[in-house]
file structure-v4.txt (compact mmCIF, C-alpha atoms and all ligand atoms)
# COMPACT_ATOMS: atom_id res chain seq x y z
CA MET K 1 -45.65 -31.10 -35.57
CA THR K 2 -45.83 -27.98 -33.39
CA ASN K 3 -48.72 -25.50 -33.25
CA LYS K 4 -46.50 -22.99 -35.02
CA GLU K 5 -45.68 -25.33 -37.92
CA LEU K 6 -49.33 -26.31 -38.31
CA GLN K 7 -50.39 -22.66 -38.15
CA GLN K 8 -48.08 -21.85 -41.05
CA ARG K 9 -49.57 -24.68 -43.10
CA ARG K 10 -53.06 -23.54 -42.11
CA GLU K 11 -52.40 -19.98 -43.25
CA ALA K 12 -51.32 -21.20 -46.68
CA ALA K 13 -54.09 -23.79 -47.09
CA VAL K 14 -57.24 -22.53 -45.31
CA PRO K 15 -58.98 -19.18 -46.01
CA ARG K 16 -58.88 -16.46 -43.35
CA GLY K 17 -62.69 -16.29 -43.42
CA VAL K 18 -62.71 -19.49 -41.37
CA SER K 19 -62.01 -17.92 -37.98
CA ASN K 20 -60.08 -19.63 -35.15
CA ALA K 21 -60.09 -18.96 -31.41
CA GLY K 22 -56.29 -19.23 -31.50
CA PRO K 23 -53.27 -20.86 -33.15
CA ILE K 24 -53.81 -24.09 -31.25
CA PHE K 25 -54.26 -27.54 -32.78
CA ALA K 26 -56.08 -30.14 -30.72
CA ALA K 27 -54.74 -33.68 -30.57
CA SER K 28 -57.21 -35.27 -28.15
CA ALA K 29 -59.87 -34.42 -25.58
CA LYS K 30 -61.67 -36.00 -22.66
CA GLY K 31 -64.43 -34.60 -20.44
CA ALA K 32 -63.73 -30.86 -20.31
CA THR K 33 -60.00 -31.02 -21.07
CA VAL K 34 -58.42 -30.68 -24.51
CA THR K 35 -54.77 -31.61 -25.16
CA ASP K 36 -52.98 -29.86 -28.01
CA VAL K 37 -50.36 -31.30 -30.38
CA GLU K 38 -47.57 -30.16 -28.03
CA GLY K 39 -49.08 -31.94 -25.03
CA LYS K 40 -50.40 -28.77 -23.35
CA GLU K 41 -53.76 -29.17 -21.62
CA PHE K 42 -56.61 -26.65 -21.85
CA ILE K 43 -59.75 -26.45 -19.77
CA ASP K 44 -62.55 -26.10 -22.28
CA PHE K 45 -65.25 -23.51 -21.49
CA ALA K 46 -66.24 -23.42 -25.19
CA GLY K 47 -67.30 -27.05 -25.65
CA GLY K 48 -66.86 -26.87 -29.43
CA ILE K 49 -69.34 -23.93 -29.38
CA GLY K 50 -71.97 -25.76 -27.38
CA VAL K 51 -71.52 -29.20 -28.95
CA ASN K 52 -69.88 -31.09 -26.10
CA ASN K 53 -72.56 -30.92 -23.38
CA VAL K 54 -72.00 -34.64 -22.56
CA GLY K 55 -68.22 -34.05 -22.55
CA HIS K 56 -65.49 -34.72 -25.10
CA CYS K 57 -65.37 -38.35 -26.21
CA HIS K 58 -68.02 -39.59 -23.80
CA PRO K 59 -67.34 -43.37 -23.60
CA LYS K 60 -70.98 -44.30 -24.39
CA VAL K 61 -71.02 -42.02 -27.44
CA VAL K 62 -67.64 -43.30 -28.65
CA GLU K 63 -68.77 -46.91 -28.19
CA ALA K 64 -72.02 -46.28 -30.08
CA ILE K 65 -70.05 -44.70 -32.95
CA ARG K 66 -67.56 -47.61 -33.03
CA GLU K 67 -70.28 -50.21 -33.06
CA GLN K 68 -72.32 -48.45 -35.75
CA ALA K 69 -69.27 -47.68 -37.92
CA GLY K 70 -68.48 -51.41 -38.10
CA LYS K 71 -72.02 -52.26 -39.21
CA LEU K 72 -73.34 -49.55 -41.52
CA LEU K 73 -71.54 -46.28 -42.25
CA HIS K 74 -73.82 -44.89 -44.90
CA SER K 75 -76.63 -46.12 -47.08
CA CYS K 76 -78.41 -42.76 -47.58
CA TYR K 77 -81.75 -42.75 -45.78
CA HIS K 78 -83.47 -42.08 -49.12
CA VAL K 79 -82.07 -45.38 -50.49
CA PHE K 80 -81.89 -47.90 -47.64
CA GLN K 81 -83.65 -46.89 -44.45
CA TYR K 82 -82.28 -47.93 -41.03
CA GLU K 83 -83.77 -48.10 -37.56
CA GLY K 84 -81.49 -45.45 -35.97
CA TYR K 85 -83.09 -42.62 -38.00
CA VAL K 86 -86.60 -43.68 -36.98
CA ALA K 87 -85.57 -44.25 -33.34
CA LEU K 88 -84.01 -40.77 -33.10
CA ALA K 89 -87.05 -39.15 -34.73
CA GLU K 90 -89.30 -40.99 -32.23
CA LYS K 91 -87.15 -39.79 -29.31
CA LEU K 92 -87.15 -36.16 -30.45
CA ASN K 93 -90.89 -36.27 -31.13
CA ALA K 94 -91.42 -37.49 -27.56
CA LEU K 95 -88.90 -35.18 -25.84
CA THR K 96 -89.67 -31.82 -27.50
CA PRO K 97 -92.36 -29.64 -25.87
CA GLY K 98 -96.04 -30.40 -26.51
CA ASP K 99 -97.94 -33.67 -26.44
CA HIS K 100 -99.42 -33.37 -29.93
CA ALA K 101 -98.34 -35.70 -32.79
CA LYS K 102 -94.91 -34.71 -34.13
CA LYS K 103 -92.48 -35.72 -36.87
CA THR K 104 -88.75 -35.06 -37.32
CA VAL K 105 -86.48 -34.62 -40.32
CA LEU K 106 -82.74 -35.10 -39.76
CA VAL K 107 -80.13 -32.99 -41.55
CA ASN K 108 -76.50 -31.97 -41.01
CA SER K 109 -76.04 -28.59 -39.36
CA GLY K 110 -77.84 -25.96 -37.35
CA SER K 111 -78.20 -23.85 -40.49
CA GLU K 112 -79.78 -26.74 -42.38
CA ALA K 113 -82.22 -27.44 -39.56
CA VAL K 114 -83.29 -23.80 -39.70
CA GLU K 115 -83.59 -23.89 -43.51
CA ASN K 116 -85.81 -26.95 -43.23
CA ALA K 117 -88.00 -25.36 -40.57
CA VAL K 118 -88.55 -22.43 -42.94
CA LYS K 119 -89.29 -24.74 -45.89
CA VAL K 120 -91.85 -26.66 -43.83
CA ALA K 121 -93.45 -23.47 -42.48
CA ARG K 122 -93.77 -21.96 -45.97
CA ARG K 123 -95.12 -25.14 -47.59
CA ALA K 124 -97.59 -25.77 -44.77
CA SER K 125 -98.89 -22.20 -44.54
CA GLY K 126 -98.66 -21.26 -48.19
CA ARG K 127 -97.19 -17.95 -47.02
CA PRO K 128 -93.77 -16.57 -48.01
CA ALA K 129 -92.53 -14.24 -45.25
CA ILE K 130 -90.44 -15.02 -42.18
CA VAL K 131 -89.92 -12.64 -39.26
CA ALA K 132 -86.71 -12.93 -37.24
CA SER K 133 -85.02 -10.84 -34.56
CA ALA K 134 -82.27 -8.28 -35.08
CA SER K 135 -80.32 -9.95 -32.26
CA GLY K 136 -80.72 -13.47 -33.65
CA PHE K 137 -78.19 -15.86 -35.14
CA HIS K 138 -79.34 -18.76 -37.28
CA GLY K 139 -76.31 -19.81 -39.32
CA ARG K 140 -74.21 -19.10 -42.38
CA THR K 141 -75.99 -20.67 -45.38
CA LEU K 142 -77.80 -18.22 -47.62
CA LEU K 143 -81.24 -18.38 -46.00
CA ALA K 144 -79.82 -18.83 -42.49
CA SER K 145 -77.50 -15.85 -42.91
CA THR K 146 -80.43 -13.85 -44.28
CA LEU K 147 -82.22 -14.65 -41.01
CA THR K 148 -79.10 -13.76 -39.03
CA ALA K 149 -79.05 -10.00 -38.56
CA LYS K 150 -75.47 -9.13 -37.62
CA VAL K 151 -73.59 -7.67 -40.58
CA MET K 152 -69.98 -8.16 -39.49
CA PRO K 153 -68.68 -10.77 -40.00
CA TYR K 154 -71.68 -12.79 -41.11
CA LYS K 155 -73.23 -10.76 -43.92
CA ALA K 156 -70.89 -8.11 -45.29
CA GLY K 157 -70.33 -8.67 -48.99
CA PHE K 158 -72.26 -11.94 -49.26
CA GLY K 159 -75.56 -10.64 -50.63
CA PRO K 160 -77.98 -10.49 -52.30
CA TYR K 161 -79.92 -12.21 -49.54
CA ALA K 162 -83.08 -14.28 -49.76
CA PRO K 163 -86.28 -12.26 -50.11
CA GLU K 164 -89.23 -12.12 -47.71
CA VAL K 165 -87.21 -12.08 -44.48
CA TYR K 166 -88.04 -9.27 -42.03
CA HIS K 167 -86.27 -8.39 -38.80
CA ILE K 168 -87.97 -7.05 -35.69
CA PRO K 169 -85.53 -4.19 -35.08
CA TYR K 170 -85.06 -4.66 -31.35
CA ALA K 171 -85.98 -7.86 -29.60
CA TYR K 172 -84.49 -8.68 -26.24
CA CYS K 173 -81.25 -6.82 -26.81
CA TYR K 174 -78.88 -6.93 -23.84
CA ARG K 175 -78.84 -3.17 -23.74
CA CYS K 176 -82.23 -1.74 -24.65
CA PRO K 177 -81.59 0.64 -27.58
CA VAL K 178 -84.16 3.10 -26.28
CA GLY K 179 -82.79 2.98 -22.74
CA SER K 180 -85.69 1.09 -21.15
CA SER K 181 -85.38 -1.80 -18.78
CA TYR K 182 -87.65 -4.62 -17.69
CA PRO K 183 -90.26 -4.59 -16.17
CA GLY K 184 -90.75 -0.82 -16.65
CA CYS K 185 -90.47 -1.25 -20.42
CA LYS K 186 -93.61 -3.43 -20.45
CA MET K 187 -91.80 -5.57 -23.02
CA GLN K 188 -92.28 -3.08 -25.84
CA CYS K 189 -89.85 -5.24 -27.82
CA ALA K 190 -92.44 -8.05 -27.93
CA GLU K 191 -95.08 -5.57 -29.06
CA LEU K 192 -92.72 -4.59 -31.90
CA LEU K 193 -93.65 -7.89 -33.52
CA LYS K 194 -97.21 -6.65 -33.86
CA LYS K 195 -96.03 -3.23 -34.96
CA SER K 196 -93.97 -4.90 -37.69
CA PHE K 197 -97.28 -5.99 -39.25
CA ILE K 198 -98.05 -2.33 -39.83
CA ASP K 199 -94.59 -1.07 -40.76
CA MET K 200 -92.93 -3.99 -42.52
CA VAL K 201 -95.06 -6.90 -43.63
CA ASN K 202 -98.67 -7.98 -44.05
CA PRO K 203 -99.29 -10.54 -41.27
CA GLU K 204 -101.33 -12.62 -43.70
CA SER K 205 -98.20 -13.27 -45.71
CA VAL K 206 -96.08 -14.28 -42.71
CA ALA K 207 -95.44 -18.04 -42.51
CA ALA K 208 -93.42 -18.01 -39.29
CA VAL K 209 -91.60 -16.09 -36.62
CA ILE K 210 -88.21 -17.60 -35.74
CA LEU K 211 -86.53 -16.84 -32.41
CA GLU K 212 -83.85 -18.29 -30.15
CA PRO K 213 -85.13 -18.83 -26.59
CA VAL K 214 -81.85 -17.46 -25.27
CA ALA K 215 -79.94 -15.35 -27.78
CA GLY K 216 -76.63 -17.21 -28.21
CA GLU K 217 -74.28 -15.38 -30.55
CA GLY K 218 -76.34 -12.25 -29.75
CA GLY K 219 -74.97 -12.09 -26.19
CA PHE K 220 -76.74 -14.68 -24.01
CA VAL K 221 -79.85 -12.61 -23.48
CA VAL K 222 -82.73 -14.22 -21.57
CA PRO K 223 -86.10 -12.69 -22.38
CA PRO K 224 -88.54 -12.10 -19.48
CA LYS K 225 -91.05 -14.78 -18.39
CA GLU K 226 -93.90 -13.11 -20.30
CA TYR K 227 -91.96 -12.64 -23.53
CA PHE K 228 -92.57 -15.94 -25.33
CA PRO K 229 -96.17 -16.36 -24.12
CA ARG K 230 -96.84 -12.91 -25.62
CA ILE K 231 -95.06 -13.81 -28.87
CA ARG K 232 -97.09 -17.05 -29.02
CA GLU K 233 -100.28 -15.04 -28.53
CA ILE K 234 -99.43 -12.61 -31.33
CA CYS K 235 -98.51 -15.50 -33.67
CA ASP K 236 -101.80 -17.24 -32.89
CA GLU K 237 -103.77 -14.07 -33.50
CA PHE K 238 -102.48 -13.94 -37.08
CA GLY K 239 -102.17 -17.67 -37.81
CA ILE K 240 -98.38 -17.43 -37.86
CA LEU K 241 -96.20 -20.43 -36.93
CA LEU K 242 -93.59 -20.15 -34.19
CA ILE K 243 -90.16 -21.67 -34.88
CA ILE K 244 -87.91 -21.93 -31.84
CA ASP K 245 -84.22 -22.32 -32.66
CA GLU K 246 -82.67 -24.47 -29.92
CA VAL K 247 -79.47 -25.20 -31.83
CA GLN K 248 -77.32 -23.63 -29.08
CA SER K 249 -79.69 -23.61 -26.09
CA GLY K 250 -80.94 -27.21 -26.44
CA ILE K 251 -79.84 -30.53 -24.90
CA CYS K 252 -79.78 -29.38 -21.25
CA ARG K 253 -77.58 -26.28 -21.64
CA THR K 254 -80.07 -23.99 -19.89
CA GLY K 255 -81.14 -26.37 -17.11
CA SER K 256 -83.99 -28.02 -19.03
CA LEU K 257 -83.73 -30.33 -22.03
CA PHE K 258 -84.98 -27.48 -24.24
CA ALA K 259 -84.86 -23.89 -23.03
CA ILE K 260 -88.34 -22.94 -24.26
CA GLU K 261 -89.84 -25.35 -21.66
CA GLN K 262 -88.98 -22.69 -19.08
CA TRP K 263 -91.46 -20.27 -20.67
CA ASP K 264 -94.12 -22.95 -20.87
CA VAL K 265 -94.59 -22.23 -24.56
CA VAL K 266 -95.08 -24.91 -27.20
CA PRO K 267 -93.52 -24.03 -30.56
CA ASP K 268 -94.88 -25.36 -33.86
CA LEU K 269 -91.38 -26.22 -35.07
CA LEU K 270 -88.16 -26.66 -33.10
CA THR K 271 -84.61 -26.93 -34.41
CA SER K 272 -81.86 -28.79 -32.57
CA ALA K 273 -78.23 -29.57 -33.45
CA LYS K 274 -74.83 -29.06 -31.78
CA SER K 275 -74.89 -31.15 -28.54
CA LEU K 276 -77.51 -33.49 -30.03
CA GLY K 277 -74.79 -35.36 -31.91
CA GLY K 278 -72.19 -35.32 -29.12
CA GLY K 279 -69.61 -34.20 -31.70
CA THR K 280 -70.97 -35.94 -34.78
CA VAL K 281 -72.64 -34.12 -37.63
CA ILE K 282 -76.42 -34.06 -37.17
CA SER K 283 -79.32 -31.66 -36.71
CA ALA K 284 -83.07 -31.94 -36.57
CA CYS K 285 -86.26 -30.07 -37.29
CA THR K 286 -89.13 -31.40 -35.19
CA GLY K 287 -92.67 -30.15 -35.58
CA ARG K 288 -96.39 -30.72 -35.64
CA ALA K 289 -96.99 -33.84 -37.73
CA GLU K 290 -99.42 -32.12 -40.10
CA LEU K 291 -96.92 -29.32 -40.80
CA MET K 292 -93.99 -31.71 -41.25
CA ASP K 293 -96.07 -33.74 -43.73
CA ALA K 294 -96.91 -30.69 -45.87
CA PRO K 295 -93.83 -30.86 -48.16
CA GLN K 296 -94.16 -33.20 -51.12
CA VAL K 297 -92.29 -36.52 -51.29
CA GLY K 298 -88.66 -35.75 -52.11
CA GLY K 299 -88.92 -32.14 -50.88
CA LEU K 300 -86.97 -32.76 -47.66
CA GLY K 301 -83.70 -34.53 -46.84
CA GLY K 302 -80.29 -34.86 -48.45
CA THR K 303 -77.53 -37.40 -49.07
CA TYR K 304 -76.12 -37.41 -45.55
CA GLY K 305 -79.08 -36.27 -43.43
CA GLY K 306 -79.46 -38.52 -40.38
CA ASN K 307 -76.35 -40.54 -41.19
CA PRO K 308 -76.39 -43.90 -39.29
CA VAL K 309 -73.26 -43.07 -37.24
CA SER K 310 -74.62 -39.66 -36.21
CA CYS K 311 -77.99 -41.20 -35.31
CA ALA K 312 -76.26 -43.81 -33.11
CA ALA K 313 -74.23 -41.03 -31.44
CA ALA K 314 -77.32 -38.86 -30.88
CA LEU K 315 -79.25 -41.79 -29.37
CA ALA K 316 -76.29 -42.38 -27.03
CA VAL K 317 -76.28 -38.67 -26.11
CA LEU K 318 -79.99 -38.81 -25.23
CA ASP K 319 -79.30 -41.92 -23.10
CA VAL K 320 -76.54 -40.05 -21.25
CA VAL K 321 -78.88 -37.08 -20.75
CA GLU K 322 -81.16 -39.42 -18.81
CA SER K 323 -78.71 -41.79 -17.12
CA GLU K 324 -76.41 -38.98 -15.89
CA ASN K 325 -79.28 -36.60 -15.13
CA LEU K 326 -77.81 -33.85 -17.24
CA VAL K 327 -80.70 -31.47 -16.56
CA ALA K 328 -79.86 -31.45 -12.84
CA LYS K 329 -76.13 -31.25 -13.63
CA SER K 330 -76.72 -28.19 -15.79
CA GLN K 331 -78.72 -26.50 -13.03
CA ALA K 332 -76.08 -27.24 -10.38
CA LEU K 333 -73.23 -26.13 -12.64
CA GLY K 334 -75.14 -22.96 -13.50
CA THR K 335 -75.63 -22.13 -9.82
CA LYS K 336 -71.90 -22.58 -9.12
CA VAL K 337 -70.70 -20.59 -12.12
CA ARG K 338 -73.24 -17.81 -11.58
CA SER K 339 -72.18 -17.37 -7.97
CA ALA K 340 -68.48 -17.26 -9.00
CA PHE K 341 -69.34 -14.71 -11.72
CA GLU K 342 -71.31 -12.57 -9.28
CA ASP K 343 -68.33 -12.54 -6.92
CA MET K 344 -66.11 -11.44 -9.81
CA ALA K 345 -68.61 -8.72 -10.76
CA LYS K 346 -68.27 -7.24 -7.26
CA LYS K 347 -64.50 -7.06 -7.70
CA TYR K 348 -64.11 -5.87 -11.27
CA ASP K 349 -65.74 -2.68 -12.53
CA CYS K 350 -65.49 -3.88 -16.11
CA ILE K 351 -68.18 -6.51 -15.47
CA GLY K 352 -71.40 -4.71 -16.35
CA ASP K 353 -73.77 -7.67 -16.13
CA VAL K 354 -73.93 -11.35 -15.17
CA ARG K 355 -76.75 -13.12 -16.98
CA GLY K 356 -77.95 -16.33 -18.54
CA LEU K 357 -80.06 -19.39 -17.89
CA GLY K 358 -78.91 -22.65 -16.30
CA SER K 359 -75.32 -23.08 -17.37
CA MET K 360 -75.67 -20.84 -20.45
CA LEU K 361 -74.03 -17.95 -18.61
CA ALA K 362 -72.23 -14.80 -19.61
CA LEU K 363 -70.33 -11.78 -18.37
CA GLU K 364 -70.91 -8.51 -20.19
CA LEU K 365 -67.76 -6.38 -20.22
CA VAL K 366 -68.03 -2.59 -20.12
CA HIS K 367 -65.82 0.46 -19.79
CA ASP K 368 -68.25 2.26 -17.56
CA LYS K 369 -70.42 0.31 -15.15
CA ALA K 370 -73.19 2.92 -15.14
CA ALA K 371 -73.25 3.78 -18.85
CA LYS K 372 -72.50 0.14 -19.82
CA THR K 373 -70.24 1.21 -22.69
CA PRO K 374 -69.23 -2.01 -24.47
CA ALA K 375 -65.62 -3.12 -23.89
CA PRO K 376 -64.75 -5.54 -26.72
CA ASP K 377 -61.05 -4.71 -26.19
CA ILE K 378 -61.21 -6.07 -22.62
CA ALA K 379 -63.07 -9.18 -23.84
CA LYS K 380 -60.40 -9.80 -26.47
CA ALA K 381 -57.52 -9.32 -24.04
CA LEU K 382 -59.22 -11.55 -21.48
CA VAL K 383 -59.83 -14.38 -23.96
CA ALA K 384 -56.16 -14.18 -25.09
CA LYS K 385 -54.86 -14.18 -21.50
CA CYS K 386 -57.02 -17.18 -20.64
CA ARG K 387 -55.72 -19.05 -23.69
CA GLU K 388 -52.12 -18.31 -22.66
CA ASN K 389 -52.87 -19.76 -19.23
CA GLY K 390 -54.71 -22.88 -20.39
CA LEU K 391 -58.40 -21.92 -20.60
CA ILE K 392 -60.42 -21.76 -23.81
CA ILE K 393 -63.35 -19.37 -23.49
CA LEU K 394 -65.35 -17.56 -26.19
CA SER K 395 -66.81 -14.10 -26.61
CA CYS K 396 -70.12 -13.21 -28.27
CA GLY K 397 -72.59 -10.31 -28.48
CA HIS K 398 -73.17 -7.74 -31.18
CA SER K 399 -70.30 -5.65 -29.82
CA GLY K 400 -68.09 -8.66 -29.07
CA ASN K 401 -68.00 -7.65 -25.39
CA VAL K 402 -69.67 -10.68 -23.81
CA ILE K 403 -67.76 -13.67 -22.41
CA ARG K 404 -69.85 -16.85 -22.47
CA THR K 405 -69.60 -20.31 -20.95
CA LEU K 406 -70.49 -23.43 -22.92
CA MET K 407 -68.35 -25.92 -21.01
CA PRO K 408 -69.28 -29.61 -20.98
CA LEU K 409 -71.99 -30.15 -18.38
CA VAL K 410 -70.00 -33.13 -17.05
CA ILE K 411 -67.03 -30.91 -16.16
CA SER K 412 -65.34 -32.17 -12.95
CA ASP K 413 -64.98 -29.95 -9.88
CA ALA K 414 -61.20 -29.93 -10.40
CA GLU K 415 -61.53 -28.84 -14.06
CA LEU K 416 -64.08 -26.16 -13.13
CA GLU K 417 -61.91 -24.78 -10.31
CA LYS K 418 -58.87 -24.70 -12.57
CA GLY K 419 -60.78 -22.90 -15.31
CA MET K 420 -62.31 -20.39 -12.91
CA SER K 421 -58.95 -19.66 -11.37
CA VAL K 422 -57.42 -18.95 -14.82
CA LEU K 423 -60.34 -16.64 -15.58
CA GLU K 424 -59.97 -14.84 -12.25
CA THR K 425 -56.21 -14.37 -12.83
CA ALA K 426 -56.93 -13.03 -16.32
CA PHE K 427 -59.37 -10.48 -14.85
CA ALA K 428 -56.81 -9.44 -12.26
CA GLU K 429 -54.28 -8.82 -15.04
CA VAL K 430 -56.48 -7.38 -17.78
CA ALA K 431 -58.91 -5.31 -15.71
CA LYS K 432 -56.20 -3.51 -13.73
N1 LIG K 501 -78.84 -21.41 -34.76
C1 LIG K 501 -78.24 -21.07 -33.60
C2 LIG K 501 -79.06 -20.57 -32.47
C3 LIG K 501 -76.85 -21.19 -33.46
O1 LIG K 501 -76.26 -20.83 -32.32
C4 LIG K 501 -76.09 -21.68 -34.57
C5 LIG K 501 -74.59 -21.87 -34.47
N2 LIG K 501 -73.90 -21.08 -33.58
C6 LIG K 501 -76.77 -22.01 -35.74
C7 LIG K 501 -78.15 -21.88 -35.81
C8 LIG K 501 -76.04 -22.52 -36.94
O2 LIG K 501 -75.53 -23.79 -36.72
P1 LIG K 501 -74.40 -24.40 -37.67
O3 LIG K 501 -73.16 -23.60 -37.42
O4 LIG K 501 -74.30 -25.83 -37.23
O5 LIG K 501 -74.89 -24.27 -39.07

call {"tool": "encode", "arguments": {"input": "structure-v4.txt", "output": "structure tokens"}}
result
Amino acid sequence: MTNKELQQRREAAVPRGVSNAGPIFAASAKGATVTDVEGKEFIDFAGGIGVNNVGHCHPKVVEAIREQAGKLLHSCYHVFQYEGYVALAEKLNALTPGDHAKKTVLVNSGSEAVENAVKVARRASGRPAIVASASGFHGRTLLASTLTAKVMPYKAGFGPYAPEVYHIPYAYCYRCPVGSSYPGCKMQCAELLKKSFIDMVNPESVAAVILEPVAGEGGFVVPPKEYFPRIREICDEFGILLIIDEVQSGICRTGSLFAIEQWDVVPDLLTSAKSLGGGTVISACTGRAELMDAPQVGGLGGTYGGNPVSCAAALAVLDVVESENLVAKSQALGTKVRSAFEDMAKKYDCIGDVRGLGSMLALELVHDKAAKTPAPDIAKALVAKCRENGLIILSCGHSGNVIRTLMPLVISDAELEKGMSVLETAFAEVAK
């Protein structure tokens, strides 16, 4: 079957709402290279949207899956328990920030992890409201898409949304909407959280504030050093819980196991998913033991949550994180990619900003370097040109004008060079 034949079948069988980066069908993948059904190889700077930090089909992950699949595929944790679930919960309790007692519930997607964090926060606090950021992304289920702010394509026509969700209008946007910049702005966007308690919601009815440490879909924005400590302070002042959504930024992407470690802030609840499962379906909500124990028996979980195969894969991923020193790899990769991006920014006027943390890096594309007018058309053309030449790379940002890197952290020098050279060629052609 060719890509074209499969694309025709896809168009007839799968709704258009399920977006695709291109009309390409993968047949196999290894490390940071994906081979399509026609035998063409692609360097993968998307990593399954941040899922393949340990690389495609890491041998230890594949072996763990094989071994587990032959022993116990599914029993439902609510029916027959198994050690893998407990072992993964123990690992996440130990590895997430803070040395207090923690507990973990395992579910199936980033959205579900977020939903569970909200359930726990509400049950534990007895308060209904949740405050999120207007630049945040938390998923596509009803509550998660209520927390997500961006209307197109995530919200238009899907309402009514869940009640008692409030958005801080501007929180670490990549272009300050009132034209300020750090440090001159004195982080007014953090103070907006406090202001929201006057304008939007009674702080005594707020269960939690949920934020991504680095805005992912929102454009790879890294808040200043003082941002999260200040948010933590405001939360503490009003007895509000802090949920940190590490679904995209977690598992070494930013140069630490979890990004929030770099602000030295301990959240009450932390969500992880994506690269945790190394490609299998799993996500987690980890939090203070007394909060996690607030929901009644039977209030948390689901048929597939913490499936034995996914638990085995996630445990293998966490082994690889240690044995291959993925934190250091992410830092080294980030340094290399950032320096290549900064060189490109000197050459091409359409690059308005190079930013990110560790190897969660991005290029913001603009029409005017001074005014920073968003250039989603250039981003689109660039992504298409890269795809034509064998590189898969994704855009993000509220204006769709940010190019981001989520390549496997185990990418080889040869794969990285090849990918960078395709990107450079695309810039030379598109940014003429
Ligand atoms: N939170 C964040 C920060 C994410 O980046 C995503 C996915 N991009 C989600 C939640 C939702 O995850 P999922 O698509 O697995 O539901």

call {"tool": "atom_distance", "arguments": {"input": "structure-v4.txt", "atom1": "atom CA of K:Pro128", "atom2": "atom CA of K:Lys194"}}
result
17.6 Å

call {"tool": "closest_residue", "arguments": {"input": "structure-v4.txt", "among": "K:Glu38, K:Asp377, K:Asp245, K:Glu424", "to": "ligand LIG 501 (chain K)", "atoms": "only C-alpha atoms and all ligand atoms"}}
result
K:Asp245

call {"tool": "residues_near_ligand", "arguments": {"input": "structure-v4.txt", "ligand": "ligand LIG 501 (chain K)", "cutoff": "7 Å", "atoms": "all atoms listed in the file", "output": "JSON, numbers by chain"}}
result
{"K": [49, 109, 110, 111, 112, 114, 137, 138, 139, 140, 212, 216, 217, 245, 246, 247, 248, 273, 274]}

call {"tool": "closest_residue", "arguments": {"input": "structure-v4.txt", "among": "K:Ala171, K:Ala208, K:Leu409, K:Ala316", "to": "K:Cys235", "atoms": "only C-alpha atoms"}}
result
K:Ala208

call {"tool": "closest_residue", "arguments": {"input": "structure-v4.txt", "among": "K:Lys347, K:Arg338, K:Arg253, K:Lys40", "to": "K:Asn53", "atoms": "all atoms listed in the file"}}
result
K:Arg253

call {"tool": "atom_distance", "arguments": {"input": "structure-v4.txt", "atom1": "atom CA of K:Met200", "atom2": "atom CA of K:Ala149"}}
result
15.6 Å

call {"tool": "residues_near_point", "arguments": {"input": "structure-v4.txt", "point": "(-73.8, -14.8, -19.6)", "cutoff": "8 Å", "atoms": "all atoms listed in the file", "output": "list in words"}}
result
Gly219, Phe220, Val221, Asp353, Val354, Arg355, Gly356, Leu357, Met360, Leu361, Ala362, Leu363, Glu364, Val402, Ile403, Arg404 and Thr405 of chain K

call {"tool": "closest_residue", "arguments": {"input": "structure-v4.txt", "among": "K:Asn116, K:Asn401, K:Thr254, K:Ser180", "to": "K:Ala332", "atoms": "only C-alpha atoms"}}
result
K:Thr254

call {"tool": "atom_distance", "arguments": {"input": "structure-v4.txt", "atom1": "atom CA of K:Glu164", "atom2": "atom CA of K:Asp199"}}
result
14.1 Å

call {"tool": "closest_residue", "arguments": {"input": "structure-v4.txt", "among": "K:Cys185, K:Gly50, K:His56, K:Phe341", "to": "K:Ala32", "atoms": "all atoms listed in the file"}}
result
K:His56

call {"tool": "closest_residue", "arguments": {"input": "structure-v4.txt", "among": "K:Asn307, K:Arg230, K:Cys76, K:Phe238", "to": "K:Lys186", "atoms": "all atoms listed in the file"}}
result
K:Arg230

call {"tool": "axis_aligned_box", "arguments": {"input": "structure-v4.txt", "around": "stretch 136-146 of chain K", "padding_each_side": "6 Å", "output": "JSON"}}
result
{"center_x": -77.7, "center_y": -17.1, "center_z": -40.6, "size_x": 19.0, "size_y": 19.2, "size_z": 26.0}

call {"tool": "residues_around", "arguments": {"input": "structure-v4.txt", "residues": "K:Ile251", "least_positions_apart": "2", "cutoff": "12 Å", "atoms": "only C-alpha atoms", "output": "PyMOL selection string"}}
result
chain K and resi 50-54+92+95-96+246-249+253-261+271-278+283+314+317-322+325-327+329-330+358-360+406+408-409

call {"tool": "residues_around", "arguments": {"input": "structure-v4.txt", "residues": "K:Val201", "least_positions_apart": "4", "cutoff": "12 Å", "atoms": "only C-alpha atoms", "output": "list in words"}}
result
Arg127, Pro128, Ala129, Ile130, Val131, Glu164, Val165, Tyr166, His167, Ile168, Leu193, Lys194, Lys195, Ser196, Phe197, Ser205, Val206 and Ala207 of chain K

call {"tool": "write_last_selection", "arguments": {"input": "structure-v4.txt", "atoms": "C-alpha atoms", "output": "short mmCIF file (atom, residue, chain, number, x, y, z; two decimals), keeping the file's coordinate frame"}}
result
data_model
loop_
_atom_site.label_atom_id
_atom_site.label_comp_id
_atom_site.auth_asym_id
_atom_site.auth_seq_id
_atom_site.Cartn_x
_atom_site.Cartn_y
_atom_site.Cartn_z
CA ARG K 127 -97.19 -17.95 -47.02
CA PRO K 128 -93.77 -16.57 -48.01
CA ALA K 129 -92.53 -14.24 -45.25
CA ILE K 130 -90.44 -15.02 -42.18
CA VAL K 131 -89.92 -12.64 -39.26
CA GLU K 164 -89.23 -12.12 -47.71
CA VAL K 165 -87.21 -12.08 -44.48
CA TYR K 166 -88.04 -9.27 -42.03
CA HIS K 167 -86.27 -8.39 -38.80
CA ILE K 168 -87.97 -7.05 -35.69
CA LEU K 193 -93.65 -7.89 -33.52
CA LYS K 194 -97.21 -6.65 -33.86
CA LYS K 195 -96.03 -3.23 -34.96
CA SER K 196 -93.97 -4.90 -37.69
CA PHE K 197 -97.28 -5.99 -39.25
CA SER K 205 -98.20 -13.27 -45.71
CA VAL K 206 -96.08 -14.28 -42.71
CA ALA K 207 -95.44 -18.04 -42.51
#
